[in-house]
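The block underneath contains the structure these notes are about, expressed in structure tokens.
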Amino acid sequence: MLNLNKKKDEEFDFNLNKKIVEALIFSSQEPITLTELRKSIINKDLLNEILVSLEKKYSSSGINLFKVNDSYAFRTSPDLCEYLNIEKIIPKKLSRAATETLAIIAYHQPITRSEIENIRGVSLSKGTLDLLLELNWIQPGERKTTPGNPLTWLTSNNFLDHFGLKNITDLPGLDDLKDTGLLEKNKIIFKDNFVE
Amino acid sequence: MLNLNKKKDEEFDFNLNKKIVEALIFSSQEPITLTELRKSIINKDLLNEILVSLEKKYSSSGINLFKVNDSYAFRTSPDLCEYLNIEKIIPKKLSRAATETLAIIAYHQPITRSEIENIRGVSLSKGTLDLLLELNWIQPGERKTTPGNPLTWLTSNNFLDHFGLKNITDLPGLDDLKDTGLLEKNKIIFKDNFVE
Amino acid sequence: MSVSLDKNEKVFSLALDGFEGPIDLLLNLAKEHKIDISKISILNLAEQYLQFLEYIIKKDIEIAAEYLVMGAWLAFLKSKLLLPSKINDDAMDIEEMSELLEFQMKKLESMQKVSKLLFKKHQLGIHFFKRGKAEYFVTNQKFLYQLSLHDLIKSYHQIVISENSNSITIARSKLYSVDEASKRLKLLMSKTNGWKNLFEFIPKNITDKLEKKSAVASHFVASLELVKEGHIFLKQDGYNKNIYLNSKSNL
């Protein structure tokens, strides 16, 4: 009876420590070293056994436990490479020009290229609209009837999806956010200061 | 013999698709929508069954499958929070105005700015909505059809993800509040009623 | 109501930092006396609140403004409660008003409670964690560029702000420039003979007082300039007397 209890305790101990190791490897940004893992678990002696057990657990999963030198990391299983085209893509921040252009199109659509340039006060490089088009955030609208028949730009449905909006009119306007701090102005107004 | 082969094929099919779903959810830091998952797997009909099976597989692991509205993500098990010695990003402590405003939006959504102000009895201070928007905890909903077409606010999926909620009905204490009628919005002391 | 002024002072000075608004304050006053909101005496509460208002008005009029509407409302409620009920013929009767106030307080209290409940929950990045490093598939290309709604709105608002501050149009000045006056004087002097009063050269069509003054000033400055350049002579018989101009070629 005593033995049974002891065995249960040991099992619980092993499982808890295993869960901790699993969670640590999962949440670590870089492959995590044995030293670090040992530091974080309660029962240090179990570490090797735990790692063997984890490797086995994940061996037939979509994710495998990989060992790099003395560090461990979870990575997508190489078996899946024909189904999931894994690429090293580094997430990027959209450039300021692209963000501003997208914002202007969103708030002023339909709008022509030269109207965008007027608002931003600089000319638009060709790549900016191309990038937004490639990201499927904008789409061409109708041509204007003004001379030269310039093309107008609109935001796409994908744009609404990305920002979780139902309609383009649900985009918060200046009035909706006027006291939010976003619109802190330091506007100086020049006037004829001569008073009699 | 033929039947056995068919069964084996089916099993293989299920396991392969399960591995793909597992890898897709595991690889992403943010929750992945059902739509996206469906796009990536070969046998679309299996998706629901696969998700149930994955949830079970990970239920006693150091990592659990979390559901956020119609999206899925792997997160470390909340049971382990006292053991994980991970660099935590402790957010700036939110002001009382911000936490109350967040709660009001969460429990009353969709709700307009002036409705929030009515409940708190003070006007929203500068930066409150902006901060919640920056944290990506709130998002604009549809505009009301009442005069002025005020914008409504909702909580975002990121809010649910942050607090480990499956969906908005999962909010703590929601049922009690509903039963006591405290979530009704139409009664207002100030502004409209207090005229003269 | 047995609240000593001393205690009031303490509670109320705390109130300035701690309370967000009138309902919040009422709620705290009620709690201070450990009263169930549903059994609250609106009359007592109104009295306390008005006491607070009196105190706060002396201290900080700006903060007091936030609390004034509620104060007025409570004063009204108080007077109604003190008066015999038969006179009560208002559209919204007194019970309804008390109920409304009670509801509003309960509502705010419930929101304060749940906001605490919410933040007691396990939070991502503090109690549980996401995967440390994402892997990217070609199929989830949309994750390539991360742009939040907040980024987008902020960007637009910055454009609007800078647009507003850049495109300030400076109103055309109504003032008569020295340059203008100088050109005018040269032209007129070439067509005149003998000494002429400076005032005769001021344009007659100016009605605006300020503009007229500026025209006189600039014509005078222009005349000095023309003397310096050797085009004309100036003379003035004495202090505060008229100033006369004569063209050099006419002498």
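Labels used: A, B, ... for chains in the order of the structure tokens, numbers from 1 for residues in each chain, and numbers from 1 for ligands as shown.
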- Message: Matching each Cα of chain B to its counterpart in chain A by order, what RMSD results from the least-squares fit?
- Response: 16.7 Å
- Query: Which parts of chain A does DSSP call strand (DSSP E) when run on the backbone here, written out as a ChimeraX atom specification?
  - Reply: /A:32-33,63-68,71-76,86-87,92-93,111-112,138-143,151-155
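Omitting A:Gln29 and its sequence neighbours fewer than 6 positions away, and counting only C-alpha atoms, the residues within 9 Å are Arg131, Gly132, Lys133 and Ala134 of chain C.
Counting only C-alpha atoms, the residue from B:Ser71, B:Gln109, B:Gln139, B:Ser123 that sits nearest to B:Thr35 is B:Ser71.
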Stretch 14-115 of chain B near stretch 124-136 of chain B within 12 Å: what's each residue's closest atom pair and its distance in Å to one decimal, counting only C-alpha atoms, ordered by chain then ascending residue number, as JSON lines?
{"residue": "B:Pro91", "atom": "CA", "partner": "B:Leu135", "partner_atom": "CA", "distance": 9.7}
{"residue": "B:Lys92", "atom": "CA", "partner": "B:Leu135", "partner_atom": "CA", "distance": 10.8}
{"residue": "B:Lys93", "atom": "CA", "partner": "B:Leu131", "partner_atom": "CA", "distance": 11.8}
{"residue": "B:Leu94", "atom": "CA", "partner": "B:Leu131", "partner_atom": "CA", "distance": 9.2}
{"residue": "B:Ser95", "atom": "CA", "partner": "B:Thr128", "partner_atom": "CA", "distance": 8.7}
{"residue": "B:Arg96", "atom": "CA", "partner": "B:Thr128", "partner_atom": "CA", "distance": 10.0}
{"residue": "B:Ala97", "atom": "CA", "partner": "B:Thr128", "partner_atom": "CA", "distance": 7.1}
{"residue": "B:Ala98", "atom": "CA", "partner": "B:Thr128", "partner_atom": "CA", "distance": 5.6}
{"residue": "B:Thr99", "atom": "CA", "partner": "B:Leu132", "partner_atom": "CA", "distance": 9.1}
{"residue": "B:Glu100", "atom": "CA", "partner": "B:Thr128", "partner_atom": "CA", "distance": 10.1}
{"residue": "B:Thr101", "atom": "CA", "partner": "B:Thr128", "partner_atom": "CA", "distance": 7.8}
{"residue": "B:Leu102", "atom": "CA", "partner": "B:Leu132", "partner_atom": "CA", "distance": 7.3}
{"residue": "B:Ala103", "atom": "CA", "partner": "B:Leu132", "partner_atom": "CA", "distance": 11.1}
{"residue": "B:Ile104", "atom": "CA", "partner": "B:Leu129", "partner_atom": "CA", "distance": 11.9}
{"residue": "B:Ile105", "atom": "CA", "partner": "B:Leu129", "partner_atom": "CA", "distance": 10.3}
{"residue": "B:Ala106", "atom": "CA", "partner": "B:Leu132", "partner_atom": "CA", "distance": 11.6}
{"residue": "B:Thr112", "atom": "CA", "partner": "B:Leu129", "partner_atom": "CA", "distance": 11.3}
{"residue": "B:Arg113", "atom": "CA", "partner": "B:Leu124", "partner_atom": "CA", "distance": 7.8}
{"residue": "B:Ser114", "atom": "CA", "partner": "B:Leu124", "partner_atom": "CA", "distance": 8.5}
{"residue": "B:Glu115", "atom": "CA", "partner": "B:Leu124", "partner_atom": "CA", "distance": 10.4}
- Message: So that I can check the secondary structure, give me every residue of chain B assigned helix (DSSP H, G or I) by backbone DSSP, as a PyMOL selection string.
- Response: chain B and resi 2-27+34-40+44-58+78-80+96-108+113-120+128-134+157-162+168-170+174-180
- Message: Show me, as a PyMOL selection string, the residues of chain A whose atoms get within 10 Å of chain B, using only C-alpha atoms for the distance check.
- Response: chain A and resi 15-28+39-42+60-64+74-77+79-81+83-84+86+163-173+175-184
Residues of chain C at most 6 Å from chain B: nearest atom pair and distance in Å, only C-alpha atoms, as JSON lines:
{"residue": "C:Gly21", "atom": "CA", "partner": "B:Val122", "partner_atom": "CA", "distance": 5.3}
{"residue": "C:Ile23", "atom": "CA", "partner": "B:Gly121", "partner_atom": "CA", "distance": 5.9}
{"residue": "C:Lys107", "atom": "CA", "partner": "B:Leu182", "partner_atom": "CA", "distance": 5.6}
{"residue": "C:Ser115", "atom": "CA", "partner": "B:Ala103", "partner_atom": "CA", "distance": 5.1}
{"residue": "C:Gln123", "atom": "CA", "partner": "B:Phe163", "partner_atom": "CA", "distance": 4.9}
{"residue": "C:Leu124", "atom": "CA", "partner": "B:His162", "partner_atom": "CA", "distance": 4.6}
{"residue": "C:Gly125", "atom": "CA", "partner": "B:Lys88", "partner_atom": "CA", "distance": 5.9}
{"residue": "C:Ile126", "atom": "CA", "partner": "B:Lys88", "partner_atom": "CA", "distance": 5.5}
{"residue": "C:His127", "atom": "CA", "partner": "B:Cys81", "partner_atom": "CA", "distance": 4.8}
{"residue": "C:Phe128", "atom": "CA", "partner": "B:Thr76", "partner_atom": "CA", "distance": 5.3}
{"residue": "C:Phe129", "atom": "CA", "partner": "B:Thr76", "partner_atom": "CA", "distance": 5.2}
{"residue": "C:Lys130", "atom": "CA", "partner": "B:Arg75", "partner_atom": "CA", "distance": 5.0}
{"residue": "C:Arg131", "atom": "CA", "partner": "B:Gln29", "partner_atom": "CA", "distance": 5.4}
{"residue": "C:Ala134", "atom": "CA", "partner": "B:Ser28", "partner_atom": "CA", "distance": 5.1}
{"residue": "C:Glu135", "atom": "CA", "partner": "B:Ser27", "partner_atom": "CA", "distance": 4.8}
{"residue": "C:His150", "atom": "CA", "partner": "B:Glu134", "partner_atom": "CA", "distance": 5.6}
Could you save the residues just selected, with all heavy atoms, as a short mmCIF file (atom, residue, chain, number, x, y, z; two decimals), in the first residue's frame?
data_model
loop_
_atom_site.label_atom_id
_atom_site.label_comp_id
_atom_site.auth_asym_id
_atom_site.auth_seq_id
_atom_site.Cartn_x
_atom_site.Cartn_y
_atom_site.Cartn_z
N GLY C 21 -15.57 59.79 -10.57
CA GLY C 21 -16.70 60.63 -10.95
C GLY C 21 -17.74 60.63 -9.85
O GLY C 21 -17.58 59.95 -8.84
N ILE C 23 -20.77 59.34 -9.53
CA ILE C 23 -21.42 58.08 -9.15
C ILE C 23 -20.44 57.24 -8.35
O ILE C 23 -20.80 56.60 -7.36
CB ILE C 23 -21.89 57.30 -10.40
CG1 ILE C 23 -22.81 58.18 -11.23
CG2 ILE C 23 -22.62 56.04 -10.00
CD1 ILE C 23 -23.22 57.57 -12.53
N LYS C 107 -24.75 49.36 -11.16
CA LYS C 107 -24.14 49.03 -12.44
C LYS C 107 -22.64 49.33 -12.42
O LYS C 107 -21.82 48.50 -12.80
CB LYS C 107 -24.82 49.85 -13.53
CG LYS C 107 -24.57 49.36 -14.93
CD LYS C 107 -25.37 50.22 -15.87
CE LYS C 107 -25.17 49.83 -17.31
NZ LYS C 107 -25.63 48.49 -17.64
N SER C 115 -14.20 44.01 -13.49
CA SER C 115 -12.90 44.39 -14.04
C SER C 115 -11.79 43.80 -13.17
O SER C 115 -10.73 43.41 -13.66
CB SER C 115 -12.76 45.91 -14.17
OG SER C 115 -12.51 46.51 -12.94
N GLN C 123 -3.20 35.55 -17.46
CA GLN C 123 -3.00 36.41 -18.63
C GLN C 123 -1.86 35.91 -19.48
O GLN C 123 -0.83 35.45 -18.97
CB GLN C 123 -2.72 37.84 -18.18
CG GLN C 123 -3.94 38.52 -17.58
CD GLN C 123 -3.62 39.95 -17.17
OE1 GLN C 123 -3.16 40.75 -17.95
NE2 GLN C 123 -3.85 40.25 -15.90
N LEU C 124 -2.05 36.02 -20.79
CA LEU C 124 -1.05 35.59 -21.76
C LEU C 124 0.22 36.41 -21.57
O LEU C 124 0.17 37.63 -21.47
CB LEU C 124 -1.60 35.76 -23.18
CG LEU C 124 -0.73 35.24 -24.32
CD1 LEU C 124 -0.60 33.74 -24.26
CD2 LEU C 124 -1.32 35.65 -25.67
N GLY C 125 1.33 35.73 -21.52
CA GLY C 125 2.60 36.45 -21.37
C GLY C 125 2.98 36.65 -19.92
O GLY C 125 4.08 37.10 -19.61
N ILE C 126 2.05 36.35 -19.00
CA ILE C 126 2.36 36.44 -17.58
C ILE C 126 2.18 35.07 -16.92
O ILE C 126 3.05 34.58 -16.22
CB ILE C 126 1.45 37.47 -16.87
CG1 ILE C 126 1.56 38.84 -17.55
CG2 ILE C 126 1.84 37.59 -15.40
CD1 ILE C 126 0.53 39.83 -17.06
N HIS C 127 1.03 34.45 -17.18
CA HIS C 127 0.73 33.17 -16.55
C HIS C 127 0.78 31.99 -17.53
O HIS C 127 1.01 30.88 -17.14
CB HIS C 127 -0.65 33.21 -15.91
CG HIS C 127 -0.81 34.33 -14.93
ND1 HIS C 127 -1.49 35.48 -15.24
CD2 HIS C 127 -0.33 34.49 -13.68
CE1 HIS C 127 -1.44 36.30 -14.20
NE2 HIS C 127 -0.75 35.74 -13.25
N PHE C 128 0.52 32.29 -18.77
CA PHE C 128 0.70 31.25 -19.79
C PHE C 128 1.30 31.91 -21.02
O PHE C 128 1.26 33.14 -21.15
CB PHE C 128 -0.61 30.50 -20.09
CG PHE C 128 -1.72 31.34 -20.65
CD1 PHE C 128 -2.04 31.26 -22.01
CD2 PHE C 128 -2.46 32.19 -19.85
CE1 PHE C 128 -3.07 32.01 -22.54
CE2 PHE C 128 -3.49 32.95 -20.38
CZ PHE C 128 -3.79 32.86 -21.72
N PHE C 129 1.88 31.08 -21.89
CA PHE C 129 2.73 31.67 -22.92
C PHE C 129 2.42 31.13 -24.31
O PHE C 129 1.91 30.02 -24.46
CB PHE C 129 4.20 31.38 -22.59
CG PHE C 129 4.59 31.95 -21.26
CD1 PHE C 129 4.41 31.21 -20.09
CD2 PHE C 129 5.10 33.23 -21.15
CE1 PHE C 129 4.73 31.75 -18.85
CE2 PHE C 129 5.43 33.77 -19.92
CZ PHE C 129 5.24 33.02 -18.76
N LYS C 130 2.76 31.97 -25.30
CA LYS C 130 2.64 31.52 -26.67
C LYS C 130 3.95 30.89 -27.10
O LYS C 130 4.93 30.90 -26.35
CB LYS C 130 2.26 32.68 -27.59
CG LYS C 130 3.16 33.90 -27.48
CD LYS C 130 2.88 34.91 -28.57
CE LYS C 130 1.73 35.83 -28.25
NZ LYS C 130 1.60 36.92 -29.21
N ARG C 131 3.98 30.33 -28.30
CA ARG C 131 5.22 29.74 -28.76
C ARG C 131 6.28 30.82 -28.88
O ARG C 131 6.03 31.92 -29.34
CB ARG C 131 5.02 29.05 -30.10
CG ARG C 131 6.21 28.17 -30.40
CD ARG C 131 6.09 27.42 -31.69
NE ARG C 131 7.33 26.67 -31.90
CZ ARG C 131 7.65 26.12 -33.05
NH1 ARG C 131 6.85 26.24 -34.07
NH2 ARG C 131 8.78 25.47 -33.17
N ALA C 134 7.97 31.82 -33.88
CA ALA C 134 7.07 31.31 -34.90
C ALA C 134 7.84 30.74 -36.07
O ALA C 134 8.97 31.13 -36.34
CB ALA C 134 6.16 32.44 -35.38
N GLU C 135 7.25 29.77 -36.76
CA GLU C 135 7.78 29.32 -38.05
C GLU C 135 6.79 29.80 -39.10
O GLU C 135 5.60 29.89 -38.83
CB GLU C 135 7.86 27.79 -38.08
CG GLU C 135 8.94 27.22 -37.19
CD GLU C 135 8.89 25.71 -37.19
OE1 GLU C 135 8.14 25.14 -36.40
OE2 GLU C 135 9.61 25.10 -37.99
N HIS C 150 -4.49 50.12 -35.07
CA HIS C 150 -3.97 51.27 -34.34
C HIS C 150 -2.87 51.98 -35.13
O HIS C 150 -2.85 53.20 -35.23
CB HIS C 150 -3.44 50.83 -32.98
CG HIS C 150 -3.00 51.97 -32.12
ND1 HIS C 150 -1.67 52.32 -31.98
CD2 HIS C 150 -3.70 52.85 -31.38
CE1 HIS C 150 -1.60 53.37 -31.18
NE2 HIS C 150 -2.80 53.70 -30.80
#
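Between atom CA of C:Asp179 and atom CA of C:Val221 the separation is 9.7 Å.
Reported to one decimal place, the separation of atom CA of B:Lys57 from atom CA of A:Lys57 is 10.5 Å.
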- Message: as an MDAnalysis selection string, please: the residues near A:Asp70 (cut-off 8 Å, only C-alpha atoms, same-chain neighbours under 2 positions excluded).
- Response: chainID A and resid 33:34 67:68 72
Atoms to include: all heavy atoms. Write the selected residues as a compact mmCIF listing (two decimals), in the first residue's frame.
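For reference, result.txt as written:
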# COMPACT_ATOMS: atom_id res chain seq x y z
N THR A 33 18.98 25.44 -23.62
CA THR A 33 20.08 24.54 -23.25
C THR A 33 19.68 23.63 -22.09
O THR A 33 18.78 23.94 -21.32
CB THR A 33 21.33 25.33 -22.82
OG1 THR A 33 20.99 26.10 -21.67
CG2 THR A 33 21.81 26.25 -23.92
N LEU A 34 20.41 22.51 -22.00
CA LEU A 34 20.20 21.57 -20.89
C LEU A 34 20.37 22.27 -19.55
O LEU A 34 19.60 22.03 -18.62
CB LEU A 34 21.22 20.43 -20.99
CG LEU A 34 20.87 19.29 -21.94
CD1 LEU A 34 22.03 18.32 -22.03
CD2 LEU A 34 19.63 18.56 -21.42
N LYS A 67 17.28 18.23 -31.33
CA LYS A 67 18.42 18.52 -30.46
C LYS A 67 19.48 19.18 -31.31
O LYS A 67 19.86 18.69 -32.37
CB LYS A 67 18.94 17.21 -29.87
CG LYS A 67 19.88 17.47 -28.72
CD LYS A 67 20.51 16.20 -28.18
CE LYS A 67 21.56 16.64 -27.15
NZ LYS A 67 22.39 15.54 -26.71
N VAL A 68 19.95 20.35 -30.87
CA VAL A 68 21.02 21.05 -31.57
C VAL A 68 22.13 21.26 -30.54
O VAL A 68 21.94 22.01 -29.58
CB VAL A 68 20.56 22.42 -32.10
CG1 VAL A 68 21.64 23.05 -32.95
CG2 VAL A 68 19.25 22.30 -32.85
N TYR A 72 17.59 22.26 -27.03
CA TYR A 72 16.39 21.60 -27.53
C TYR A 72 15.37 22.61 -28.07
O TYR A 72 15.24 23.71 -27.54
CB TYR A 72 15.74 20.76 -26.43
CG TYR A 72 16.54 19.52 -26.12
CD1 TYR A 72 17.63 19.57 -25.26
CD2 TYR A 72 16.21 18.30 -26.72
CE1 TYR A 72 18.38 18.42 -25.00
CE2 TYR A 72 16.95 17.16 -26.47
CZ TYR A 72 18.04 17.22 -25.61
OH TYR A 72 18.77 16.10 -25.37
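Put simply, atom CA of C:Lys78 is 6.3 Å away from atom CA of C:Ala46.
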